[in-house]
$ cat run-v1.cif   # mmCIF, C-alpha atoms
data_data
#
loop_
_atom_site.label_atom_id
_atom_site.label_comp_id
_atom_site.auth_asym_id
_atom_site.auth_seq_id
_atom_site.Cartn_x
_atom_site.Cartn_y
_atom_site.Cartn_z
CA MET A 267 9.71 3.81 -68.48
CA LYS A 268 7.60 6.28 -66.53
CA ARG A 269 5.60 3.40 -65.09
CA LEU A 270 8.78 1.64 -63.92
CA LEU A 271 10.04 4.89 -62.37
CA PHE A 272 6.73 5.32 -60.56
CA ILE A 273 6.95 1.78 -59.16
CA PHE A 274 10.56 2.34 -58.06
CA VAL A 275 9.69 5.61 -56.31
CA GLY A 276 6.74 3.94 -54.63
CA LEU A 277 8.88 1.06 -53.35
CA LEU A 278 11.53 3.50 -52.11
CA ALA A 279 8.90 5.53 -50.25
CA SER A 280 7.54 2.34 -48.70
CA LEU A 281 10.99 1.31 -47.49
CA VAL A 282 11.66 4.75 -46.00
CA ALA A 283 8.28 4.74 -44.25
CA SER A 284 8.92 1.32 -42.73
CA ALA A 285 12.50 2.03 -41.57
CA GLN A 286 12.93 2.25 -37.81
CA ILE A 287 15.57 3.23 -35.28
CA ARG A 288 16.64 0.01 -33.63
CA GLY A 289 19.22 -0.36 -30.88
CA GLU A 290 22.56 1.44 -30.54
CA GLU A 291 25.92 0.80 -32.09
CA VAL A 292 27.68 0.99 -28.72
CA ARG A 293 26.69 -1.48 -26.01
CA VAL A 294 27.75 -1.70 -22.36
CA ASP A 295 27.62 -5.35 -21.32
CA VAL A 296 27.67 -6.28 -17.64
CA SER A 297 27.62 -10.03 -16.98
CA PRO A 298 27.73 -11.99 -13.70
CA ASN A 299 30.12 -14.94 -13.87
CA ARG A 300 27.32 -17.50 -13.43
CA PRO A 301 24.76 -18.14 -16.15
CA ASP A 302 21.85 -18.32 -13.69
CA TRP A 303 22.97 -15.13 -11.88
CA ASN A 304 22.38 -16.90 -8.52
CA TYR A 305 24.75 -17.00 -5.56
CA ARG A 306 24.74 -18.14 -1.95
CA PRO A 307 25.13 -15.46 0.74
CA GLY A 308 28.81 -14.86 1.34
CA GLU A 309 29.88 -15.98 -2.16
CA GLU A 310 31.72 -13.51 -4.36
CA CYS A 311 30.19 -12.47 -7.66
CA THR A 312 32.44 -11.27 -10.47
CA PHE A 313 30.83 -8.88 -12.93
CA VAL A 314 32.54 -8.77 -16.31
CA VAL A 315 32.19 -5.32 -17.89
CA ARG A 316 32.70 -4.87 -21.62
CA VAL A 317 32.14 -1.88 -23.86
CA ILE A 318 31.44 -3.00 -27.42
CA LYS A 319 31.15 -1.08 -30.68
CA ALA A 320 30.21 -2.80 -33.93
CA GLN A 321 30.59 -6.14 -32.09
CA ASN A 322 34.18 -5.43 -31.05
CA LEU A 323 35.68 -4.38 -27.73
CA LEU A 324 36.25 -0.64 -27.51
CA PRO A 325 39.60 -0.07 -25.75
CA GLY A 326 40.38 3.10 -23.84
CA THR A 327 36.78 3.76 -22.84
CA THR A 328 36.20 5.68 -19.61
CA ILE A 329 33.36 4.52 -17.41
CA ASP A 330 31.62 5.30 -14.13
CA TYR A 331 30.19 2.49 -12.07
CA GLU A 332 28.26 1.76 -8.91
CA LEU A 333 28.13 -1.55 -7.09
CA GLY A 334 26.07 -2.79 -4.16
CA PRO A 335 22.54 -3.68 -3.11
CA GLU A 336 19.98 -2.42 -5.64
CA MET A 337 19.12 1.26 -5.11
CA TYR A 338 21.72 1.46 -2.30
CA PRO A 339 25.18 1.10 -3.91
CA THR A 340 28.08 0.91 -1.47
CA GLU A 341 30.83 1.49 -4.02
CA LYS A 342 30.91 4.27 -6.61
CA LYS A 343 33.77 5.21 -8.90
CA GLN A 344 34.12 7.65 -11.78
CA GLY A 345 36.60 7.95 -14.61
CA VAL A 346 37.77 4.34 -14.70
CA THR A 347 39.57 3.53 -17.95
CA LEU A 348 39.03 0.18 -19.66
CA LYS A 349 42.43 -0.23 -21.33
CA GLU A 350 41.39 -3.30 -23.29
CA GLY A 351 37.69 -2.51 -23.33
CA THR A 352 36.94 -4.85 -20.42
CA LEU A 353 36.95 -4.78 -16.60
CA MET A 354 36.13 -7.17 -13.76
CA LEU A 355 34.31 -5.93 -10.65
CA ARG A 356 33.74 -8.07 -7.57
CA GLY A 357 31.26 -7.92 -4.74
CA LYS A 358 29.05 -10.02 -2.50
CA LEU A 359 26.10 -9.99 -0.14
CA ASP A 360 26.01 -11.78 3.17
CA ALA A 361 22.21 -11.92 3.39
CA PRO A 362 19.36 -12.63 0.95
CA GLY A 363 18.93 -9.86 -1.61
CA PHE A 364 20.23 -8.56 -4.94
CA LEU A 365 23.67 -7.17 -5.78
CA ARG A 366 23.64 -4.75 -8.70
CA CYS A 367 26.46 -3.48 -10.89
CA LYS A 368 25.56 -0.49 -13.06
CA VAL A 369 28.02 0.98 -15.55
CA THR A 370 27.85 4.19 -17.57
CA ALA A 371 30.10 5.01 -20.54
CA ARG A 372 30.28 8.36 -22.33
CA ILE A 373 31.43 8.15 -25.91
CA ASP A 374 31.37 10.94 -28.48
CA GLY A 375 28.99 13.00 -26.39
CA ARG A 376 26.52 10.14 -25.87
CA THR A 377 25.78 8.19 -22.70
CA TYR A 378 25.43 4.41 -22.67
CA THR A 379 24.41 2.33 -19.67
CA GLY A 380 24.48 -1.35 -18.82
CA LEU A 381 23.72 -3.27 -15.66
CA ALA A 382 23.37 -6.73 -14.20
CA THR A 383 21.93 -7.89 -10.90
CA ALA A 384 23.04 -11.01 -9.03
CA ALA A 385 20.58 -12.83 -6.79
CA TYR A 386 21.49 -14.01 -3.29
CA ALA A 387 19.04 -16.60 -1.96
CA PRO A 388 16.02 -14.63 -3.21
CA GLU A 389 13.64 -17.39 -2.08
CA ARG A 390 14.55 -16.38 1.49
CA ILE A 391 13.67 -12.67 1.13
CA ALA A 392 11.12 -11.88 3.81
CA ALA A 393 8.75 -8.93 3.54
CA ALA A 394 9.38 -5.87 5.68
CA THR A 395 5.80 -4.58 5.56
CA THR A 396 3.44 -5.14 8.47
CA LEU A 397 0.01 -6.74 8.08
CA PRO A 398 -2.63 -4.63 9.88
CA ALA A 399 -4.80 -6.64 12.27
CA ASP A 400 -7.97 -5.38 10.57
CA PHE A 401 -6.69 -5.71 7.00
CA SER A 402 -9.28 -8.23 5.80
CA ALA A 403 -12.11 -6.63 7.77
CA TYR A 404 -11.24 -3.22 6.36
CA TRP A 405 -11.43 -4.34 2.74
CA GLU A 406 -14.57 -6.40 3.33
CA GLY A 407 -16.23 -3.27 4.70
CA VAL A 408 -15.02 -1.06 1.85
CA LEU A 409 -16.35 -3.47 -0.77
CA GLU A 410 -19.63 -4.10 1.03
CA ARG A 411 -20.36 -0.36 1.11
CA ALA A 412 -19.38 0.05 -2.55
CA ARG A 413 -21.56 -2.86 -3.66
CA ALA A 414 -24.58 -1.22 -2.09
CA THR A 415 -24.40 1.10 -5.12
CA PRO A 416 -25.89 -0.50 -8.26
CA LEU A 417 -23.49 -0.85 -11.18
CA ASN A 418 -25.87 0.92 -13.61
CA PRO A 419 -23.71 -0.05 -16.59
CA VAL A 420 -23.72 1.94 -19.83
CA THR A 421 -22.66 0.19 -23.04
CA ARG A 422 -21.77 1.75 -26.40
CA LEU A 423 -20.97 -0.38 -29.44
CA LEU A 424 -17.75 0.55 -31.28
CA PRO A 425 -18.44 -0.75 -34.81
CA GLU A 426 -14.99 0.24 -36.07
CA ARG A 427 -13.33 -2.01 -33.46
CA CYS A 428 -15.56 -5.05 -33.89
CA THR A 429 -13.98 -8.12 -35.50
CA GLU A 430 -15.33 -11.14 -37.33
CA THR A 431 -15.62 -13.00 -34.04
CA ASP A 432 -16.21 -10.33 -31.39
CA ASN A 433 -18.35 -7.30 -30.68
CA VAL A 434 -16.44 -4.50 -29.00
CA TYR A 435 -17.96 -1.88 -26.71
CA GLU A 436 -16.96 1.05 -24.56
CA VAL A 437 -18.56 0.43 -21.16
CA SER A 438 -18.81 2.20 -17.84
CA PHE A 439 -20.25 1.34 -14.45
CA ASN A 440 -20.48 2.76 -10.93
CA THR A 441 -17.73 1.99 -8.44
CA ARG A 442 -18.05 3.36 -4.88
CA THR A 443 -20.94 5.77 -5.28
CA ALA A 444 -23.48 6.71 -7.92
CA GLY A 445 -21.73 8.74 -10.59
CA GLU A 446 -18.20 7.63 -9.67
CA ARG A 447 -17.45 5.36 -12.60
CA PHE A 448 -14.90 3.10 -14.23
CA PHE A 449 -14.61 2.99 -18.03
CA GLY A 450 -13.26 0.21 -20.19
CA ILE A 451 -13.32 -1.68 -23.47
CA LEU A 452 -15.38 -4.87 -23.49
CA SER A 453 -15.03 -7.62 -26.09
CA VAL A 454 -17.74 -10.32 -26.28
CA PRO A 455 -17.84 -13.25 -28.74
CA LYS A 456 -20.58 -12.85 -31.33
CA ALA A 457 -21.61 -16.51 -31.28
CA GLU A 458 -24.26 -17.50 -28.74
CA GLY A 459 -22.84 -19.35 -25.76
CA LYS A 460 -21.21 -19.13 -22.36
CA TYR A 461 -17.60 -17.99 -22.12
CA PRO A 462 -14.76 -17.56 -19.62
CA ALA A 463 -13.73 -13.98 -18.83
CA LEU A 464 -10.48 -12.07 -18.51
CA LEU A 465 -10.04 -8.70 -16.80
CA ARG A 466 -7.04 -6.65 -17.90
CA VAL A 467 -5.94 -3.98 -15.42
CA PRO A 468 -3.56 -1.21 -16.52
CA GLY A 469 -0.06 -0.08 -15.75
CA ALA A 470 0.50 3.37 -14.29
CA GLY A 471 -0.25 6.42 -16.37
CA VAL A 472 -3.11 8.10 -18.18
CA ARG A 473 -3.98 6.84 -21.66
CA PRO A 474 -6.71 5.55 -23.97
CA TYR A 475 -7.34 1.82 -24.37
CA SER A 476 -8.04 -0.41 -27.35
CA GLY A 477 -9.38 -3.52 -25.63
CA ASP A 478 -8.28 -7.12 -25.99
CA THR A 479 -9.45 -8.96 -29.10
CA TYR A 480 -6.15 -10.87 -29.45
CA THR A 481 -5.91 -13.22 -26.46
CA ALA A 482 -8.85 -15.45 -27.31
CA PRO A 483 -10.80 -14.22 -30.36
CA GLY A 484 -14.32 -15.59 -30.25
CA GLN A 485 -13.48 -17.77 -27.23
CA ALA A 486 -13.52 -15.48 -24.18
CA ILE A 487 -14.98 -12.26 -22.83
CA THR A 488 -12.32 -9.63 -22.15
CA LEU A 489 -12.56 -6.31 -20.34
CA GLU A 490 -9.70 -3.81 -20.34
CA VAL A 491 -10.29 -0.97 -17.87
CA GLY A 492 -8.84 2.44 -17.13
CA VAL A 493 -8.62 3.53 -13.50
CA HIS A 494 -9.24 7.27 -13.61
CA GLY A 495 -13.00 7.48 -14.02
CA ILE A 496 -12.83 9.01 -17.50
CA PRO A 497 -13.78 7.62 -20.94
CA VAL A 498 -11.01 5.57 -22.54
CA THR A 499 -11.69 6.46 -26.19
CA MET A 500 -10.83 10.18 -26.27
CA PRO A 501 -7.95 11.65 -28.33
CA ARG A 502 -4.50 10.90 -26.91
CA ALA A 503 -3.83 14.61 -26.32
CA VAL A 504 -6.55 14.70 -23.64
CA TYR A 505 -4.76 12.04 -21.59
CA ASP A 506 -1.38 13.67 -22.10
CA ASP A 507 -2.76 16.94 -20.71
CA LEU A 508 -4.23 15.13 -17.70
CA ASN A 509 -0.97 13.29 -17.13
CA ARG A 510 0.90 16.60 -17.03
CA GLY A 511 -1.80 18.38 -15.05
CA ALA A 512 -4.66 17.19 -12.85
CA LEU A 513 -3.50 13.56 -12.66
CA ASN A 514 0.22 14.18 -12.41
CA ASN A 515 1.63 11.89 -9.70
CA TYR A 516 -1.88 10.65 -8.89
CA TRP A 517 -0.35 7.70 -7.01
CA VAL A 518 0.54 9.96 -4.08
CA PHE A 519 -2.83 11.76 -3.77
CA ARG A 520 -4.07 11.64 -0.15
CA ARG A 521 -1.67 8.90 0.85
CA ASP A 522 -2.03 9.83 4.50
CA ASP A 523 -5.67 8.63 4.62
CA ARG A 524 -6.55 5.01 3.86
CA ASP A 525 -10.13 5.95 2.86
CA ALA A 526 -9.30 8.98 0.71
CA PHE A 527 -6.09 7.61 -0.86
CA TYR A 528 -6.32 7.59 -4.68
CA TYR A 529 -5.80 3.85 -4.85
CA ASN A 530 -8.90 3.24 -2.76
CA ARG A 531 -11.14 4.07 -5.71
CA VAL A 532 -8.78 2.18 -8.04
CA VAL A 533 -8.92 -1.03 -6.00
CA VAL A 534 -12.68 -0.78 -5.59
CA GLY A 535 -13.06 -0.09 -9.32
CA ALA A 536 -11.13 -3.24 -10.20
CA LEU A 537 -13.43 -5.28 -7.94
CA ARG A 538 -16.54 -3.68 -9.43
CA ALA A 539 -15.15 -4.66 -12.83
CA VAL A 540 -15.33 -8.26 -11.60
CA ASP A 541 -18.93 -7.59 -10.53
CA TYR A 542 -19.66 -6.29 -14.02
CA LEU A 543 -18.11 -9.28 -15.78
CA CYS A 544 -20.04 -11.67 -13.55
CA SER A 545 -23.29 -9.88 -14.45
CA LEU A 546 -22.90 -10.49 -18.18
CA PRO A 547 -25.29 -13.10 -19.65
CA ALA A 548 -22.47 -14.58 -21.76
CA PHE A 549 -20.19 -15.25 -18.76
CA ASP A 550 -19.87 -18.96 -17.98
CA GLY A 551 -20.07 -18.35 -14.24
CA HIS A 552 -16.91 -20.17 -13.20
CA THR A 553 -13.68 -19.12 -15.02
CA LEU A 554 -12.48 -15.54 -14.51
CA GLY A 555 -8.88 -14.36 -14.64
CA VAL A 556 -7.18 -11.02 -14.10
CA SER A 557 -3.90 -9.86 -15.58
CA GLY A 558 -1.65 -6.82 -15.82
CA SER A 559 1.88 -5.49 -15.57
CA SER A 560 3.54 -3.02 -13.18
CA GLN A 561 0.64 -1.14 -11.54
CA GLY A 562 -1.55 -3.64 -13.40
CA GLY A 563 0.46 -6.53 -11.95
CA ALA A 564 -0.24 -5.14 -8.50
CA LEU A 565 -3.95 -4.76 -9.26
CA ALA A 566 -4.09 -8.31 -10.63
CA ILE A 567 -2.80 -9.70 -7.33
CA ILE A 568 -5.03 -7.38 -5.30
CA THR A 569 -8.16 -8.32 -7.25
CA ALA A 570 -7.43 -12.04 -7.04
CA ALA A 571 -6.88 -11.74 -3.29
CA LEU A 572 -10.10 -9.84 -2.59
CA ASP A 573 -12.62 -11.67 -4.77
CA SER A 574 -13.14 -15.44 -4.55
CA ARG A 575 -14.78 -15.46 -7.98
CA VAL A 576 -11.39 -14.80 -9.57
CA THR A 577 -9.93 -18.19 -10.47
CA PHE A 578 -6.41 -17.16 -11.56
CA PHE A 579 -4.12 -14.18 -12.04
CA ALA A 580 -1.07 -13.37 -14.16
CA ALA A 581 1.22 -10.51 -13.11
CA VAL A 582 4.34 -9.13 -14.78
CA HIS A 583 6.79 -7.03 -12.72
CA PRO A 584 4.16 -6.06 -10.11
CA ALA A 585 4.48 -2.64 -8.47
CA LEU A 586 3.43 -1.46 -4.98
CA CYS A 587 5.39 -4.23 -3.23
CA ASP A 588 6.92 -4.06 0.25
CA HIS A 589 6.93 -0.29 0.76
CA GLU A 590 8.45 -0.59 4.23
CA GLY A 591 11.59 -2.17 2.85
CA PHE A 592 12.79 1.44 2.83
CA PHE A 593 13.02 1.40 6.62
CA ARG A 594 15.43 -1.52 6.42
CA HIS A 595 17.58 0.34 3.90
CA ARG A 596 16.33 -2.09 1.26
CA ALA A 597 14.83 -1.59 -2.19
CA ALA A 598 11.06 -1.14 -1.96
CA GLY A 599 8.60 -1.21 -4.85
CA TRP A 600 7.34 1.51 -7.16
CA PRO A 601 6.45 4.28 -6.55
CA HIS A 602 9.00 4.31 -3.72
CA TYR A 603 6.76 6.34 -1.42
CA PHE A 604 9.21 6.73 1.42
CA LEU A 605 12.30 7.37 -0.69
CA TYR A 606 11.16 10.10 -3.08
CA TYR A 607 8.25 11.99 -1.53
CA GLY A 608 9.58 13.68 1.57
CA THR A 609 10.01 12.53 5.13
CA PRO A 610 7.37 9.85 5.72
CA THR A 611 4.75 10.45 8.38
CA GLU A 612 3.24 7.72 10.53
CA LYS A 613 -0.11 8.22 8.79
CA GLU A 614 1.52 7.67 5.40
CA ARG A 615 3.27 4.58 6.66
CA THR A 616 0.03 3.21 8.10
CA THR A 617 -1.95 3.90 4.92
CA ALA A 618 0.67 2.19 2.75
CA ARG A 619 0.18 -1.09 4.62
CA TYR A 620 -3.43 -1.32 3.42
CA TYR A 621 -2.27 -0.99 -0.20
CA ASP A 622 0.90 -3.06 -0.09
CA VAL A 623 0.82 -5.97 -2.54
CA VAL A 624 2.66 -8.11 0.01
CA ASN A 625 -0.35 -7.99 2.30
CA PHE A 626 -2.69 -8.96 -0.53
CA ALA A 627 -0.32 -11.75 -1.60
CA ARG A 628 -0.67 -13.17 1.90
CA GLN A 629 -4.41 -13.60 1.20
CA LEU A 630 -4.10 -15.39 -2.15
CA ARG A 631 -5.83 -18.75 -2.62
CA VAL A 632 -5.84 -19.13 -6.42
CA PRO A 633 -3.15 -20.08 -8.95
CA GLY A 634 -0.90 -17.31 -10.18
CA TRP A 635 1.81 -16.76 -12.79
CA ILE A 636 4.35 -14.06 -11.95
CA SER A 637 7.19 -12.93 -14.17
CA PHE A 638 9.92 -10.31 -13.87
CA GLY A 639 13.62 -9.68 -14.40
CA TYR A 640 16.54 -9.02 -12.11
CA ASN A 641 17.48 -5.75 -13.86
CA ASP A 642 14.22 -3.92 -13.13
CA GLU A 643 15.05 -0.48 -11.70
CA VAL A 644 11.40 0.61 -11.42
CA CYS A 645 10.11 -2.42 -9.51
CA PRO A 646 13.23 -3.87 -7.87
CA PRO A 647 13.36 -7.68 -7.69
CA THR A 648 13.80 -7.57 -3.91
CA SER A 649 10.36 -5.99 -3.57
CA MET A 650 8.73 -8.42 -6.00
CA TYR A 651 10.29 -11.44 -4.36
CA ALA A 652 8.97 -10.20 -1.01
CA ALA A 653 5.45 -10.41 -2.46
CA TYR A 654 6.05 -13.66 -4.33
CA ASN A 655 7.43 -15.37 -1.21
CA ALA A 656 4.39 -14.21 0.79
CA ASP A 657 2.06 -16.04 -1.60
CA THR A 658 1.35 -19.55 -0.29
CA ALA A 659 -1.14 -20.52 -3.03
CA PRO A 660 -0.15 -22.54 -6.13
CA LYS A 661 2.13 -20.30 -8.17
CA GLN A 662 4.62 -20.22 -11.00
CA LEU A 663 7.58 -17.85 -11.24
CA SER A 664 8.97 -17.21 -14.72
CA LEU A 665 12.20 -15.25 -14.63
CA TYR A 666 13.69 -13.39 -17.58
CA LEU A 667 16.89 -12.29 -15.91
CA GLN A 668 18.04 -9.49 -18.19
CA THR A 669 14.73 -7.67 -18.43
CA GLY A 670 14.25 -4.32 -16.77
CA HIS A 671 10.81 -2.74 -16.64
CA PHE A 672 9.82 -4.28 -19.96
CA TRP A 673 9.30 -7.75 -21.37
CA TYR A 674 10.75 -9.88 -24.12
CA GLN A 675 8.66 -11.37 -26.92
CA GLU A 676 9.24 -14.84 -25.44
CA GLN A 677 7.97 -13.59 -22.09
CA TRP A 678 4.84 -12.12 -23.67
CA ASP A 679 4.18 -15.34 -25.55
CA GLU A 680 4.53 -17.42 -22.38
CA TRP A 681 2.26 -14.99 -20.52
CA GLN A 682 -0.45 -15.26 -23.15
CA GLU A 683 -0.17 -19.03 -23.40
CA TRP A 684 -0.53 -19.42 -19.62
CA ILE A 685 -3.64 -17.24 -19.63
CA ARG A 686 -5.17 -19.26 -22.46
CA ARG A 687 -4.56 -22.50 -20.61
CA GLU A 688 -6.21 -21.15 -17.46
CA LEU A 689 -9.15 -19.92 -19.51
CA GLY A 690 -9.43 -23.45 -20.87
CA ILE A 691 -9.24 -22.49 -24.52
CA GLY A 692 -7.04 -23.26 -27.52
CA ASN A 693 -4.92 -20.78 -29.48
#

$ encode --input "run-v1.cif" --output "structure tokens"
Amino acid sequence: MKRLLFIFVGLLASLVASAQIRGEEVRVDVSPNRPDWNYRPGEECTFVVRVIKAQNLLPGTTIDYELGPEMYPTEKKQGVTLKEGTLMLRGKLDAPGFLRCKVTARIDGRTYTGLATAAYAPERIAAATTLPADFSAYWEGVLERARATPLNPVTRLLPERCTETDNVYEVSFNTRTAGERFFGILSVPKAEGKYPALLRVPGAGVRPYSGDTYTAPGQAITLEVGVHGIPVTMPRAVYDDLNRGALNNYWVFRRDDRDAFYYNRVVVGALRAVDYLCSLPAFDGHTLGVSGSSQGGALAIITAALDSRVTFFAAVHPALCDHEGFFRHRAAGWPHYFLYYGTPTEKERTTARYYDVVNFARQLRVPGWISFGYNDEVCPPTSMYAAYNADTAPKQLSLYLQTGHFWYQEQWDEWQEWIRRELGIGN
């Protein structure tokens, strides 16, 4: 009897430990009246708003809503009552862009939000940003000077992270000058041979990294890098302190100087990571991809544009797109330099052009896979389409309409499968 009780208690503890908070009982649904969410300029879109609790309409709910171009709503109302738990809102755009309806409901002291974003001829969205006349020459010069500094790589085996098929290392190498370094996690197949390579570049923030032993175990070299010049295997608390302190809002550091801007060292570091991968004896010498999301999506495009050795890129909801959309009263990309960080100066505007993903997209010559959603409030679809439309190389756009600044499992699976195909390997 005691043994049975012990087993029961153990099972109960296991169930409690594995339980998770998942979703919310109340949901605010906002749905355009076309399944593809696409409209022609001048056509009216009807957004159907429903507040649902336990899979039933919740009558008598009071909502606030805003409707209009993303980030610049033209209609705002508060305290609207949904007598039957549903409401229809109508709007339109007369030019290419995105029309967003965002609804907030407050129920029992909690706030619930839903949104949907209708597309109006997004394939016709033209970038607002200007291409500097010396754009290519500038970056060629920056990289030439950086590459005069030897990589001087340092490699440290991480036995606890090694797998049956791959050795895993923490690595570092010089970027612009001796002592200014990038750190990352390198995974190399244990079996002798030559392998394709994949560079993973990170989203914004300050964090440790685990490396990639999941995309192509035993079949490809992978390198996942950090961008802050610090080791990527320290305790999480160290990165949290840096994120709150010395590296807080690093993306705006020295943004009035194209040479001193924080992203200068980040871009150069990503390109030196390509140098490092190409120096590895196990690299096959001809297949090298780069991938990332958000800030990493931007860096994937930038790296592919600046280095002809990169043979493909995959980017999810890329940031840093079409900054000067702001000056057309149009949604620009994260981090929204000209919207949130004071009155823009001409120097800041000039610097931004050298780091705008649109201008790198204009240089692309290799295949790319880009994926995002219409409901992204961090990287608005207008900004991402501006970059996508500027890319004249072979490309594939995979839309997951409802996603915000996240991805679905299906989207992740498609992303990984596309990378594997480009690497030329099986699952």

$ resolve_selection --input "run-v1.cif" --expression "the PyMOL selection byres ((chain A and resi 483) around 10)" --output "number ranges by chain"
A: 429-432, 453-456, 478-482, 484-488, 693

$ residues_around --input "run-v1.cif" --residues "Thr443 (chain A)" --least-positions-apart "4" --cutoff "12 Å" --atoms "all atoms listed in the file" --output "number ranges by chain"
A: 408-418, 439, 447-448, 495, 531, 534-535, 538

$ write_last_selection --input "run-v1.cif" --atoms "C-alpha atoms" --output "short mmCIF file (atom, residue, chain, number, x, y, z; two decimals), in the coordinates of the input"
data_model
loop_
_atom_site.label_atom_id
_atom_site.label_comp_id
_atom_site.auth_asym_id
_atom_site.auth_seq_id
_atom_site.Cartn_x
_atom_site.Cartn_y
_atom_site.Cartn_z
CA VAL A 408 -15.02 -1.06 1.85
CA LEU A 409 -16.35 -3.47 -0.77
CA GLU A 410 -19.63 -4.10 1.03
CA ARG A 411 -20.36 -0.36 1.11
CA ALA A 412 -19.38 0.05 -2.55
CA ARG A 413 -21.56 -2.86 -3.66
CA ALA A 414 -24.58 -1.22 -2.09
CA THR A 415 -24.40 1.10 -5.12
CA PRO A 416 -25.89 -0.50 -8.26
CA LEU A 417 -23.49 -0.85 -11.18
CA ASN A 418 -25.87 0.92 -13.61
CA PHE A 439 -20.25 1.34 -14.45
CA ARG A 447 -17.45 5.36 -12.60
CA PHE A 448 -14.90 3.10 -14.23
CA GLY A 495 -13.00 7.48 -14.02
CA ARG A 531 -11.14 4.07 -5.71
CA VAL A 534 -12.68 -0.78 -5.59
CA GLY A 535 -13.06 -0.09 -9.32
CA ARG A 538 -16.54 -3.68 -9.43
#

$ residues_around --input "run-v1.cif" --residues "Glu406 (chain A)" --least-positions-apart "6" --cutoff "10 Å" --atoms "only C-alpha atoms" --output "list in words"
Asp400, Ala412, Leu572 and Asp573 of chain A

$ residues_near_point --input "run-v1.cif" --point "(1.9, -8.0, 9.8)" --cutoff "10 Å" --atoms "all atoms listed in the file" --output "count of residues only"
12

$ closest_residue --input "run-v1.cif" --among "A:Pro462, A:Val498, A:Tyr607, A:Asp622" --to "Arg575 (chain A)" --atoms "only C-alpha atoms"
A:Pro462

$ resolve_selection --input "run-v1.cif" --expression "the PyMOL selection byres ((chain A and resi 355) around 6)" --output "PDB file with C-alpha atoms, keeping the file's coordinate frame"
ATOM      1  CA  THR A 312      32.440 -11.270 -10.470  1.00  0.00           C
ATOM      2  CA  PHE A 313      30.830  -8.880 -12.930  1.00  0.00           C
ATOM      3  CA  MET A 354      36.130  -7.170 -13.760  1.00  0.00           C
ATOM      4  CA  ARG A 356      33.740  -8.070  -7.570  1.00  0.00           C
TER       5      ARG A 356
END

$ closest_atom_pairs --input "run-v1.cif" --of "region 480-558 of chain A" --to "region 635-652 of chain A" --cutoff "12 Å" --atoms "all atoms listed in the file" --output "Markdown table"
| residue | atom | partner | partner_atom | distance |
| --- | --- | --- | --- | --- |
| A:Gly555 | CA | A:Trp635 | CA | 11.1 |
| A:Val556 | CA | A:Trp635 | CA | 10.7 |
| A:Ser557 | CA | A:Trp635 | CA | 9.4 |
| A:Gly558 | CA | A:Ile636 | CA | 10.2 |

$ build_atoms --input "run-v1.cif" --residues "region 401-412 of chain A" --atoms "N, CA and C atoms" --output "PDB file, in the frame of the given file"
ATOM      1  N   PHE A 401      -6.857  -5.819   8.446  1.00  0.00           N
ATOM      2  CA  PHE A 401      -6.690  -5.710   7.000  1.00  0.00           C
ATOM      3  C   PHE A 401      -7.871  -6.313   6.243  1.00  0.00           C
ATOM      4  N   SER A 402      -8.183  -7.561   6.516  1.00  0.00           N
ATOM      5  CA  SER A 402      -9.280  -8.230   5.800  1.00  0.00           C
ATOM      6  C   SER A 402     -10.620  -7.576   6.111  1.00  0.00           C
ATOM      7  N   ALA A 403     -10.834  -7.255   7.371  1.00  0.00           N
ATOM      8  CA  ALA A 403     -12.110  -6.630   7.770  1.00  0.00           C
ATOM      9  C   ALA A 403     -12.269  -5.270   7.109  1.00  0.00           C
ATOM     10  N   TYR A 404     -11.167  -4.541   6.990  1.00  0.00           N
ATOM     11  CA  TYR A 404     -11.240  -3.220   6.360  1.00  0.00           C
ATOM     12  C   TYR A 404     -11.714  -3.350   4.920  1.00  0.00           C
ATOM     13  N   TRP A 405     -11.068  -4.223   4.148  1.00  0.00           N
ATOM     14  CA  TRP A 405     -11.430  -4.340   2.740  1.00  0.00           C
ATOM     15  C   TRP A 405     -12.805  -4.962   2.535  1.00  0.00           C
ATOM     16  N   GLU A 406     -13.202  -5.859   3.411  1.00  0.00           N
ATOM     17  CA  GLU A 406     -14.570  -6.400   3.330  1.00  0.00           C
ATOM     18  C   GLU A 406     -15.587  -5.287   3.515  1.00  0.00           C
ATOM     19  N   GLY A 407     -15.320  -4.389   4.455  1.00  0.00           N
ATOM     20  CA  GLY A 407     -16.230  -3.270   4.700  1.00  0.00           C
ATOM     21  C   GLY A 407     -16.268  -2.296   3.543  1.00  0.00           C
ATOM     22  N   VAL A 408     -15.097  -1.974   2.984  1.00  0.00           N
ATOM     23  CA  VAL A 408     -15.020  -1.060   1.850  1.00  0.00           C
ATOM     24  C   VAL A 408     -15.831  -1.603   0.674  1.00  0.00           C
ATOM     25  N   LEU A 409     -15.667  -2.880   0.379  1.00  0.00           N
ATOM     26  CA  LEU A 409     -16.350  -3.470  -0.770  1.00  0.00           C
ATOM     27  C   LEU A 409     -17.844  -3.650  -0.512  1.00  0.00           C
ATOM     28  N   GLU A 410     -18.203  -3.962   0.708  1.00  0.00           N
ATOM     29  CA  GLU A 410     -19.630  -4.100   1.030  1.00  0.00           C
ATOM     30  C   GLU A 410     -20.349  -2.767   0.835  1.00  0.00           C
ATOM     31  N   ARG A 411     -19.731  -1.683   1.275  1.00  0.00           N
ATOM     32  CA  ARG A 411     -20.360  -0.360   1.110  1.00  0.00           C
ATOM     33  C   ARG A 411     -20.433   0.003  -0.372  1.00  0.00           C
ATOM     34  N   ALA A 412     -19.374  -0.286  -1.124  1.00  0.00           N
ATOM     35  CA  ALA A 412     -19.380   0.050  -2.550  1.00  0.00           C
ATOM     36  C   ALA A 412     -20.455  -0.743  -3.289  1.00  0.00           C
TER      37      ALA A 412
END
